[in-house]
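> Let me give you the structure first, and then I'll get to my questions.
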Amino acid sequence: MDQKKPKKVYVIGHKNPDTDSICSAIAYANLKNKITGEKYIAKRAGEVNGETAYVLDKFQVSVPSLLDNVHLQVKDMDIRHIEGVSGHMSIKDAWARMKDENIKTLPGTRGEKLEGLITIGDIAKTYMDTTDSYLLSNARTQYQRIAETVGGEVVEGNGHGYFVKGRVLVGTANPKMMEEFIEENDMIIMGDREEDHLQAISQNVSCIIVGLNIVVSEKVVKLAHEKNIVIIRSPYDTFNIARLINQSIPVSYVMKRDNMVTFNTEDFTDDIQDVMVKNRHRAFPVINPHGKCIGTISRRNFLDMHKKKVVLVDHNEVDQAVDNIEKAEILEIIDHHKLGTLQTMTPVAFRNEPVGCTGTILYEIYGEQRLEIPEKIAGLLCAAIISDTLMFRSPTCTQTDKIAASALALIAGIKIEDFAREMFSAGSNLKDKSPEEIFYQDYKKFIGEGNVSFGVGQISSMDSEELKEIKEKLMPFMVSECGRHDITRVYFMLTNILEESTELLFYGEGSQQMAEIAFEKKPDGDAFCLPGVVSRKKQLIPAMMEAAQLMNSDYA
């Protein structure tokens with residue numbers, strides 16, 4: 001029986017993840033794995049940007065795998081992991097394995113690929129079919145399998161050959177009578193009389209089986225060798241040989257290949273439930289993305305299903321969370337943003353602090369747990385703080401962030417200013433990226449007063465010329481994006497880190513008016529120039545939310 005494995009817990013940040021979202025997920029998974037018996041796995045809810053990719057490569061940490069939907073999948077069910085069997089296995093061996101492992105359905109595989117299914121009912125039916133004398137030849141049964149099934153050995157002939165033509169008979173009559181009913185290529189179960197053996201050989205049978213461990217004469221062996229006739233010796237008597245021999249047929253003969261219903265590990269459980277009801281099979285094979293059959297599931301497995309367990313970092317908004325978050329079990333939330341729209345069915349551990357970065361909170365938690373921070377993790381958390389605080393220039397930055405970043409830089413062996421320059425340069429190197437990739441690199445959706453939906457993207461750079469090039473790419477794209485995903489107003493922040501300013505692009509009905517109210521100024525052509533504004537979270541979003549409220553009250 002399978003041993004119960006610790007349940008997986010996924011640690012994941014928001015959609016369109018930034019460096020803080022990815023690095024904090026990795027760091028917290030590392031921490032939880034050290035202090036719990038569970039298996040915490042860092043995931044990402046979208047593609048990593050250039051800045052984050054640079055950071056992960058710098059500290060030689062793998063990019064977390066994608067988890068864009070936390071709805072239950074087949075791989076979340078209690079799959080009965082069963083190693084498939086070759087179609088050459090005898091049904092006797094298959095039956096023994098099914099009995100030992102309490103398996104009702106056994107996958108037949110060729111290599112790792114599913115070939116068919118064998119059920120206990122299929123084998124039982126074959127056991128009952130004792131009147132078909134051609135069963136073994138129709139099933140193309142290997143002589144070696146026959147010998148094994150009757151507990152014997154091949155003493156002459158090619159044991160690797162196959163019995164493909166003829167009947168299985170018991171040769172107990174005298175030679176003259178045998179001459180009348182034996183046909184060429186038959187398989188004969190015989191006693192100890194040499195004359196019977198010689199008669200069978202003269203009639204060109206394909207195989208002779210002798211019981212009670214009888215040793216046939218050298219003359220019989222020689223003649224059998226000349227005619228390529230197989231001789232098998234068994235310790236059992238004639239009755240038991242005849243009773244057992246049908247169990248030597250290969251499972252491929254009874255294997256069901258048609259109309260098989262299989263599921264992939266990535267299938268969602270809602271999609272397979274109706275299929276299971278319509279096809280009332282005992283078990284359904286499960287195939288992984290590489291095409292390997294890894295086991296089976298049954299309808300009973302639905303009773304034991306548990307929601308995916310997740311820990312959310314760097315967000316607590318439904319629209320920023322991975323798809324179907326309401327169908328997951330949220331265990332913890334660690335964040336540094338305003339309280340959002342996520343709701344949970346039960347109380348959760350929720351840590352929210354007014355600091356500039358989730359990475360700072362993670363630094364604190366490592367200290368509280370008295371855990372040494374590994375060099376790589378320290379590098380990731382330091383990068384997250386530098387990124388989120390724009391190297392301490394953002395108004396969201398606190399003294400706590402600066403202290404944490406300095407301590408982490410020492411552990412990671414990096415110089416903050418040099419590293420920040422390299423990191424921001426990697427993040428703003430967007431020459432080969434499409435407008436869509438740039439727009440969604442760091443993009444978040446917000447809901448203001450009156451259910452006004454607006455989206456805000458941001459790019460931070462130390463190069464003003466590069467920001468101008470990005471602007472030329474983005475303006476036409478913003479027109480096409482407005483209206484998608486229920487977004488009526490779109491904004492994009494082109495933030496110059498060195499100048500500590502933002503050029504705010506806008507598009508959509510009411511977008512200009514909302515920005516005018518928020519910042520009490522008119523646009524300079526097609527954008528708002530906002531000196532001193534670098535933080536989306538602390539400077540732009542609160543002003544926009546207040547403006548949306550004012551606009552809604554004016555329209556009311």
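Going through the structure tokens in order, the chains are called A, B, and so on, while each chain numbers its residues from 1 and the ligands are numbered from 1 in the order shown.
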Find the residues near Lys219 in chain A: any atom within 12 Å, counting only C-alpha atoms, skip ones fewer than 2 places away on the same chain, and give them as a ChimeraX atom specification.
/A:194-195,197-198,201,215-217,221-226
> Kindly save the residues from that selection, with C-alpha atoms included, as an mmCIF file, in the first residue's frame.

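Generated file (out_0.cif):
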data_model
loop_
_atom_site.group_PDB
_atom_site.id
_atom_site.type_symbol
_atom_site.label_atom_id
_atom_site.label_comp_id
_atom_site.auth_asym_id
_atom_site.auth_seq_id
_atom_site.Cartn_x
_atom_site.Cartn_y
_atom_site.Cartn_z
ATOM 1 C CA GLU A 194 8.430 -43.588 -24.227
ATOM 2 C CA GLU A 195 6.266 -45.094 -26.980
ATOM 3 C CA HIS A 197 6.405 -39.704 -26.631
ATOM 4 C CA LEU A 198 7.720 -41.191 -29.867
ATOM 5 C CA ILE A 201 6.984 -36.752 -32.141
ATOM 6 C CA VAL A 215 13.030 -37.654 -17.346
ATOM 7 C CA VAL A 216 12.413 -38.513 -20.990
ATOM 8 C CA SER A 217 14.826 -40.806 -22.812
ATOM 9 C CA VAL A 221 15.206 -35.772 -26.727
ATOM 10 C CA LYS A 222 17.284 -36.372 -29.862
ATOM 11 C CA LEU A 223 14.245 -36.818 -32.132
ATOM 12 C CA ALA A 224 12.528 -33.781 -30.573
ATOM 13 C CA HIS A 225 15.651 -31.725 -31.190
ATOM 14 C CA GLU A 226 15.739 -32.767 -34.853
#
> So which residues of range 105-262 of chain A fall under helix (DSSP H, G or I) by DSSP, listed as an MDAnalysis selection string?
chainID A and resid 120:128 135:138 143:149 175:181 194:202 218:226 238:248 251:254
> Leaving out range 282-290 of chain A and any residue of its chain fewer than 2 positions from it, which residues lie within 12 Å of it when counting only C-alpha atoms, given as a ChimeraX atom specification?
/A:73-84,103-109,112-121,259-267,272-273,275-277,279-280,292-301
> Where does range 436-490 of chain A meet range 12-34 of chain A within 7 Å, residue by residue, with the nearest atom pair and distance in Å to one decimal for each, counting only C-alpha atoms, listed by chain and rising number, as a Markdown table?

| residue | atom | partner | partner_atom | distance |
| --- | --- | --- | --- | --- |
| A:Tyr440 | CA | A:Asn16 | CA | 6.4 |
| A:Gln441 | CA | A:Asn16 | CA | 5.9 |
| A:Asp442 | CA | A:Asn16 | CA | 5.5 |
| A:Tyr443 | CA | A:Asn16 | CA | 6.1 |
> Name the closest residue to Glu183 in chain A among the candidates A:Val205, A:Val164, A:Ile403, A:Leu505; distances are taken between atoms, counting only C-alpha atoms.
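With only C-alpha atoms as the atom set, the closest residue is A:Val205.
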> Considering only C-alpha atoms, return as a short mmCIF file (atom, residue, chain, number, x, y, z; two decimals) with N, CA, C and O atoms, in the first residue's frame whatever protein or nucleic-acid residues lie within 6 Å of range 507-514 of chain A, sequence-local ones (same chain, fewer than 2 positions apart) excluded.

data_model
loop_
_atom_site.label_atom_id
_atom_site.label_comp_id
_atom_site.auth_asym_id
_atom_site.auth_seq_id
_atom_site.Cartn_x
_atom_site.Cartn_y
_atom_site.Cartn_z
N THR A 488 -11.90 49.51 -17.74
CA THR A 488 -12.39 50.66 -18.53
C THR A 488 -11.36 51.79 -18.62
O THR A 488 -11.46 52.66 -19.47
N ARG A 489 -10.38 51.76 -17.72
CA ARG A 489 -9.33 52.79 -17.72
C ARG A 489 -7.98 52.12 -17.50
O ARG A 489 -7.83 51.30 -16.59
N VAL A 490 -7.01 52.46 -18.34
CA VAL A 490 -5.68 51.88 -18.19
C VAL A 490 -4.65 52.99 -18.01
O VAL A 490 -4.74 54.05 -18.63
N GLU A 516 -6.59 63.69 -13.29
CA GLU A 516 -6.58 65.13 -13.00
C GLU A 516 -7.05 65.40 -11.57
O GLU A 516 -6.46 66.22 -10.84
N ILE A 517 -8.10 64.70 -11.15
CA ILE A 517 -8.60 64.86 -9.79
C ILE A 517 -7.59 64.33 -8.78
O ILE A 517 -7.33 64.95 -7.73
N ALA A 547 -9.95 59.71 -6.02
CA ALA A 547 -10.52 60.38 -7.18
C ALA A 547 -11.75 59.64 -7.70
O ALA A 547 -12.75 60.25 -8.09
#
> List every residue of range 87-141 of chain A that DSSP, applied to the backbone of this structure, places in strand (DSSP E), and write the result as a compact mmCIF listing (two decimals) with N, CA and C atoms, in the first residue's frame.

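New file selection.txt:
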# COMPACT_ATOMS: atom_id res chain seq x y z
N THR A 105 -7.81 -3.57 -10.78
CA THR A 105 -7.54 -3.23 -12.17
C THR A 105 -6.05 -2.96 -12.33
N LEU A 106 -5.44 -3.59 -13.32
CA LEU A 106 -4.00 -3.50 -13.53
C LEU A 106 -3.72 -2.91 -14.92
N PRO A 107 -2.95 -1.83 -15.01
CA PRO A 107 -2.62 -1.28 -16.33
C PRO A 107 -1.59 -2.16 -17.04
N GLY A 108 -1.85 -2.43 -18.30
CA GLY A 108 -0.87 -3.11 -19.13
C GLY A 108 -0.11 -2.06 -19.91
N THR A 109 1.21 -2.11 -19.87
CA THR A 109 2.00 -1.07 -20.50
C THR A 109 3.04 -1.65 -21.45
N ARG A 110 3.36 -0.86 -22.46
CA ARG A 110 4.49 -1.17 -23.34
C ARG A 110 5.51 -0.07 -23.11
N LYS A 113 4.13 3.49 -21.74
CA LYS A 113 2.87 3.90 -22.36
C LYS A 113 1.77 2.89 -22.07
N LEU A 114 0.57 3.39 -21.80
CA LEU A 114 -0.57 2.51 -21.53
C LEU A 114 -0.95 1.74 -22.78
N GLU A 115 -1.09 0.42 -22.64
CA GLU A 115 -1.48 -0.44 -23.74
C GLU A 115 -2.90 -0.97 -23.56
N GLY A 116 -3.30 -1.19 -22.32
CA GLY A 116 -4.63 -1.71 -22.06
C GLY A 116 -4.84 -1.90 -20.57
N LEU A 117 -5.97 -2.51 -20.21
CA LEU A 117 -6.32 -2.74 -18.81
C LEU A 117 -6.69 -4.20 -18.58
N ILE A 118 -6.27 -4.72 -17.44
CA ILE A 118 -6.63 -6.08 -17.05
C ILE A 118 -7.40 -6.00 -15.74
N THR A 119 -8.57 -6.61 -15.70
CA THR A 119 -9.35 -6.62 -14.47
C THR A 119 -9.43 -8.04 -13.92
N THR A 141 0.98 -18.01 -26.80
CA THR A 141 1.60 -18.16 -25.49
C THR A 141 3.04 -18.64 -25.62
> Excluding same-chain residues fewer than 3 positions from Glu437 in chain A, what lies within 12 Å of it counting only C-alpha atoms, as a list in words?
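With the cut-off at 12 Å, the set is Asn16, Gly46, Glu47, Val48, Asn49, Gly50, Leu430, Lys431, Asp432, Lys433, Ser434, Tyr440, Gln441, Asp442, Tyr443, Gly457, Gln458, Ile459, Ile470, Lys473, Leu474 and Phe477 of chain A.
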> So, counting only C-alpha atoms, which residue among A:Ala124, A:Pro395, A:Thr400, A:Gly171 is closest to Gln539 in chain A?
A:Pro395
> Quick one: residues within 10 Å of range 491-495 of chain A, only C-alpha atoms counted, chain neighbours fewer than 2 positions away excluded, as number ranges by chain?
A: 390, 439, 442-443, 454-464, 466-468, 470-471, 474-475, 478, 482, 489, 497-508, 511-512, 515, 527-536, 540
> Go ahead and compute the interatomic distance for CA of Leu339 in chain A and CA of Asn316 in chain A, in Å to one decimal.
6.7 Å
> May I ask which of the residues A:Gly448, A:Gly367, A:Gly211, A:Gly152 is the closest one to Ala548 in chain A, counting only C-alpha atoms?
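With only C-alpha atoms as the atom set, the closest residue is A:Gly448.
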> Write out as a PyMOL selection string the residues lying within 10 Å of Asp122 in chain A, counting only C-alpha atoms and excluding same-chain residues fewer than 6 positions away.
chain A and resi 91+105+251+253-256
> Would you mind telling me which residue in A:Leu169, A:Val310, A:Ala242, A:Leu408 lies nearest to Glu372 in chain A when using only C-alpha atoms?
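Of A:Leu169, A:Val310, A:Ala242, A:Leu408, the one nearest Glu372 in chain A, counting only C-alpha atoms, is A:Leu408.
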